[in-house]
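Enquirer: Structure in structure tokens, see below.
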Amino acid sequence: VAALVRVPSRFGSYEIRFGDERLVGELPDRCWIITDDNVRRHWGHVLPKDAPVRSVPPGEASKGIDEFERCLEWLAQSGADRRSVVVAFGGGVVGDLAGFVAASYMRGVPYIQAPTSLLAQVDSSVGGKVGIDLPQGKNLVGAFYPPQQVLVGQAFLRTLPDRHIRNGLAEVVKYGYIADTELVERMSGRLEERLPEIVRRCIEIKADVVAEDETEQTGRRAILNFGHTVGHALETYTGYESLLHGEAIAVGMAVEARVGERLGVTAPGTAQRLVETLRQLGLPTTSHHLRDVEDLIDLMRRDKKSREGRLAFSLLLHPGACKLIEDVDVRAVEAALLES
Ligand SMILES: NC(=O)c1ccc[n+]([C@@H]2O[C@H](COP(=O)([O-])OP(=O)(O)OC[C@H]3O[C@@H](n4cnc5c(N)ncnc54)[C@H](O)[C@@H]3O)[C@@H](O)[C@H]2O)c1
Ligand SMILES: [Zn+2]
């Protein structure tokens with residue numbers, strides 16, 4: 001294990017370790033592992049032989065109350081106690097679910113994030129947001145509950161399907177545009193070889209931002225939401241069926257860059273550059289649903305960043321810098337949706 005990143009947190013700091021698949025072979029004693037069937041099929045053999053493992057069906061449906069309850073009952077039935085450590089071994093679905101199970105069981109037991117998807121490695125495993133979905137909406141129940149440790153096994157990405165690699169790359173583009181233009185430049189050429197350093201840089205950025213505003217009090221953490229006001233609206237509108245999260249926020253970033261340019265917040269030409277970056281990576285930058293302007297804006301008014309129905313967006317100032325802007329003029333949003 002070469003390097004570490006340390007993330008400060010109100011519950012005490014935690015470390016992020018980088019390495020290969022052997023990272024999860026050396027888990028502490030008394031580990032209860034939650035994974036999904038795909039990850040177990042590819043990588044189950046690297047887990048410690050004697051640890052209890054619960055594997056859930058792959059997909060967002062496993063982030064519901066039913067699976068949450070089954071995981072808690074599994075812990076109780078198999079004798080987990082306050083000294084037990086839950087391990088989330090999988091993508092963001094497993095990470096959010098297992099993290100919230102750990103936050104809830106016996107009022108909280110420690111847990112380790114061992115993310116296996118690119119999205120989980122660069123985003124969901126760091127920062128301590130855990131939770132589950134309700135039929136009424138995604139991530140409606142949850143907690144800020146930082147892990148004890150994050151184990152980033154870069155080898156796991158070898159079996160991740162291409163579409164899910166691109167899905168994670170959308171978040172990488174986001175980090176580049178909100179905080180580090182060099183990161184964007186590193187994304188051209190042969191990506192596989194550069195992924196380890198790219199993942200590491202994204203985690204550093206996220207750790208820095210989270211350290212400044214762990215529980216979303218100051219608006220600083222909101223910059224991680226660039227592309228997400230429109231992206232989440234699009235995901236909800238399309239019912240989470242056709243678009244993956246990264247695909248929706250790719251479209252969202254393109255639209256929001258245009259919102260910013262229209263408001264004079266974002267430097268001219270930024271949207272064009274961003275669209276080119278996304279296209280080169282094979283990510284979508286538009287959707288025919290964008291024409292359903294009123295429905296999408298209704299959904300955006302329900303975004304967690306908005307207050308009293310006023311639209312709030314995390315907008316780029318220029319490539320490499322981002323800021324939360326509250327009370328955005330709805331006409332700029334309408335125009336940007338129709339233009340995209
Ligand atoms: N907590 C946060 O801060 C945060 C941030 C972003 C996203 N999320 C959540 O993350 C979830 C999405 O995460 P995701 O994109 O990782 O989805 P996911 O967990 O469904 O994983 C995507 C797919 O890849 C498969 N997979 C994962 N690792 C693999 C591997 N190494 N080899 C082969 N297949 C593998 C999974 O089985 C699944 O089919 C959403 O529920 C979202 O709300 C949370
Ligand atoms: Zn995201």
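Residues in the structure tokens are numbered from 1 in each chain, the chains being A, B, ... in the order shown, and ligands are numbered from 1 in the order shown.
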Would you mind listing the residues within 10 Å of ligand 2, counting only C-alpha atoms and all ligand atoms, as a VMD selection string?
Expert: chain A and resid 119 to 120 122 to 124 167 to 168 170 to 172 174 224 to 228 231 to 232 245 to 250
Enquirer: Please extract the residues at most 8 Å from ligand 1, counting only C-alpha atoms and all ligand atoms, and provide them as a short mmCIF file (atom, residue, chain, number, x, y, z; two decimals) with C-alpha atoms, in the first residue's frame, using the chain letters and residue numbers of this document.
Expert:
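Now in pocket-v3.cif:
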```
data_model
loop_
_atom_site.label_atom_id
_atom_site.label_comp_id
_atom_site.auth_asym_id
_atom_site.auth_seq_id
_atom_site.Cartn_x
_atom_site.Cartn_y
_atom_site.Cartn_z
CA ASP A 36 -23.67 -7.42 -4.47
CA ASP A 37 -23.92 -10.49 -6.69
CA ASN A 38 -21.78 -9.06 -9.53
CA VAL A 39 -18.96 -8.00 -7.25
CA HIS A 42 -15.82 -11.37 -9.81
CA TRP A 43 -14.04 -10.70 -6.57
CA PRO A 57 -29.05 -8.18 -5.96
CA PRO A 58 -27.19 -5.58 -8.09
CA GLY A 59 -28.99 -2.32 -8.76
CA GLU A 60 -30.65 0.63 -7.10
CA LYS A 63 -31.12 0.58 -1.67
CA GLY A 90 -19.22 -2.84 -4.01
CA GLY A 91 -20.45 0.18 -5.91
CA GLY A 92 -22.33 3.17 -4.60
CA VAL A 93 -25.48 1.19 -3.95
CA VAL A 94 -23.72 -1.18 -1.57
CA GLY A 95 -21.74 1.70 -0.05
CA ASP A 96 -24.81 3.80 0.75
CA PRO A 115 -15.51 0.73 -3.30
CA THR A 116 -15.35 -1.32 -6.51
CA SER A 117 -16.98 0.97 -9.10
CA LEU A 118 -15.28 4.09 -10.43
CA LEU A 119 -18.19 6.20 -9.23
CA ALA A 120 -17.91 4.77 -5.73
CA ASP A 123 -17.30 9.92 -5.04
CA SER A 124 -19.68 7.95 -2.87
CA SER A 125 -17.18 6.14 -0.62
CA VAL A 126 -15.66 9.40 0.65
CA GLY A 127 -17.49 12.05 2.63
CA GLY A 128 -19.72 10.03 4.92
CA LYS A 129 -23.09 10.44 3.25
CA VAL A 130 -25.01 7.18 3.58
CA GLY A 131 -28.63 6.36 3.05
CA ILE A 132 -31.44 4.58 1.30
CA LYS A 138 -33.98 8.72 -3.82
CA ASN A 139 -31.76 9.18 -0.77
CA ALA A 155 -7.66 -3.59 -9.59
CA PHE A 156 -11.42 -3.91 -9.15
CA LEU A 157 -12.02 -1.54 -12.05
CA ARG A 158 -10.70 -4.20 -14.44
CA THR A 159 -14.03 -6.02 -14.38
CA LEU A 160 -16.24 -2.94 -14.36
CA PRO A 161 -18.31 -2.68 -17.59
CA HIS A 164 -19.94 2.15 -15.72
CA ASN A 167 -20.42 6.79 -15.68
CA GLY A 168 -17.66 7.41 -13.14
CA LEU A 244 -27.16 6.26 -15.28
CA HIS A 245 -26.33 8.92 -12.70
CA GLY A 246 -23.11 9.97 -14.43
#
```
Enquirer: Expressed in Å to a single decimal, how great is the separation between atom CA of His318 of chain A and atom CA of Glu214 of chain A?
Expert: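 Separation between atom CA of His318 of chain A and atom CA of Glu214 of chain A: 24.5 Å.
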Enquirer: Name the residues of segment 65-289 of chain A that fall into alpha helix (DSSP H) according to DSSP on the backbone, using the chain letters and numbers of this document, as a PyMOL selection string.
Expert: chain A and resi 65-77+92-104+118-119+162-179+181-185+191-212+228-237+245-263+270-280
Enquirer: Which residues are near segment 300-305 of chain A? Cut-off 10 Å, only C-alpha atoms, ignore same chain within fewer than 6 positions. Put them as a compact mmCIF listing (two decimals) with C-alpha atoms, in the first residue's frame.
Expert:
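After the write, selection25.txt holds the following:
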```txt
# COMPACT_ATOMS: atom_id res chain seq x y z
CA GLU A 216 -23.34 21.12 4.30
CA GLY A 219 -22.43 26.04 0.90
CA ALA A 222 -22.45 22.30 -2.62
CA ASN A 225 -23.21 19.42 -6.88
CA HIS A 228 -26.57 17.81 -10.30
CA THR A 229 -29.52 20.24 -10.12
CA VAL A 230 -30.39 19.51 -13.73
CA GLY A 231 -28.96 15.97 -13.56
CA HIS A 232 -31.11 14.91 -10.61
CA ALA A 233 -34.20 16.47 -12.21
CA LEU A 234 -33.51 14.48 -15.37
CA GLU A 294 -41.69 23.12 -17.04
CA LEU A 311 -33.65 27.89 -7.85
CA ALA A 312 -30.10 27.30 -6.62
CA PHE A 313 -27.22 26.08 -8.76
CA SER A 314 -23.56 25.37 -8.21
CA LEU A 324 -23.15 28.12 -5.11
CA ILE A 325 -25.50 30.71 -6.60
CA GLU A 326 -28.88 31.07 -4.92
```
Enquirer: At a cut-off of 9 Å, using only C-alpha atoms, what residues contact Val275 of chain A? Leave out same-chain residues fewer than 5 positions from it and give the result as a list in words.
Expert: Ala250, Val251, Met253, Ala254, Thr270, Gln280, Pro284 and Thr285 of chain A
Enquirer: Those same residues - N, CA and C atoms - I'd like them written as a tab-separated table (two decimals), in the first residue's frame.
Expert:
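That gives us again_19.tsv:
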```
chain	number	residue	atom	x	y	z
A	250	ALA	N	-23.73	14.42	-16.72
A	250	ALA	CA	-23.00	14.92	-17.90
A	250	ALA	C	-23.90	15.91	-18.64
A	251	VAL	N	-25.13	15.50	-18.90
A	251	VAL	CA	-26.09	16.41	-19.54
A	251	VAL	C	-26.30	17.63	-18.64
A	253	MET	N	-24.30	19.02	-16.47
A	253	MET	CA	-23.17	19.96	-16.47
A	253	MET	C	-23.20	20.83	-17.72
A	254	ALA	N	-23.53	20.21	-18.86
A	254	ALA	CA	-23.59	20.98	-20.11
A	254	ALA	C	-24.64	22.08	-19.99
A	270	THR	N	-16.81	28.40	-21.79
A	270	THR	CA	-16.66	27.28	-20.86
A	270	THR	C	-17.58	26.11	-21.25
A	280	GLN	N	-15.72	13.62	-26.03
A	280	GLN	CA	-14.52	12.79	-26.23
A	280	GLN	C	-14.55	11.53	-25.37
A	284	PRO	N	-23.06	11.58	-22.84
A	284	PRO	CA	-24.09	12.40	-23.48
A	284	PRO	C	-24.03	13.85	-23.00
A	285	THR	N	-24.44	14.77	-23.86
A	285	THR	CA	-24.47	16.19	-23.47
A	285	THR	C	-25.85	16.79	-23.69
```
Enquirer: Please, what distance in Å, to one decimal, runs between atom CA of Glu182 of chain A and atom CA of Ala211 of chain A?
Expert: 21.9 Å
Enquirer: Write out as a PyMOL selection string all residues of segment 118-337 of chain A that DSSP puts in strand (DSSP E) for this structure's backbone.
Expert: chain A and resi 129-134+137-144+149-153+313-318+321-325
Enquirer: Have a look at atom CA of Leu274 of chain A and atom CA of Gly189 of chain A and let me know their distance in Å, one decimal.
Expert: 16.9 Å
Enquirer: So which residues touch segment 271-273 of chain A within 6 Å, counting only C-alpha atoms, skipping near sequence neighbours fewer than 2 positions away, as a PDB file with N, CA, C and O atoms, in the first residue's frame?
Expert:
```pdb
ATOM      1  N   ALA A 257     -23.597  24.814 -17.376  1.00  0.00           N
ATOM      2  CA  ALA A 257     -22.556  25.724 -17.868  1.00  0.00           C
ATOM      3  C   ALA A 257     -23.204  26.815 -18.717  1.00  0.00           C
ATOM      4  O   ALA A 257     -22.808  27.990 -18.664  1.00  0.00           O
ATOM      5  N   ARG A 258     -24.237  26.435 -19.463  1.00  0.00           N
ATOM      6  CA  ARG A 258     -24.939  27.442 -20.286  1.00  0.00           C
ATOM      7  C   ARG A 258     -25.770  28.381 -19.416  1.00  0.00           C
ATOM      8  O   ARG A 258     -25.865  29.577 -19.704  1.00  0.00           O
ATOM      9  N   GLY A 269     -17.450  30.553 -23.343  1.00  0.00           N
ATOM     10  CA  GLY A 269     -16.632  29.504 -23.958  1.00  0.00           C
ATOM     11  C   GLY A 269     -16.485  28.267 -23.069  1.00  0.00           C
ATOM     12  O   GLY A 269     -16.066  27.210 -23.530  1.00  0.00           O
ATOM     13  N   VAL A 275     -18.479  20.615 -23.159  1.00  0.00           N
ATOM     14  CA  VAL A 275     -19.190  19.704 -24.062  1.00  0.00           C
ATOM     15  C   VAL A 275     -18.183  18.868 -24.859  1.00  0.00           C
ATOM     16  O   VAL A 275     -18.357  17.660 -25.028  1.00  0.00           O
ATOM     17  N   GLU A 276     -17.110  19.494 -25.297  1.00  0.00           N
ATOM     18  CA  GLU A 276     -16.088  18.742 -26.039  1.00  0.00           C
ATOM     19  C   GLU A 276     -15.446  17.676 -25.159  1.00  0.00           C
ATOM     20  O   GLU A 276     -15.235  16.538 -25.582  1.00  0.00           O
TER      21      GLU A 276
END
```
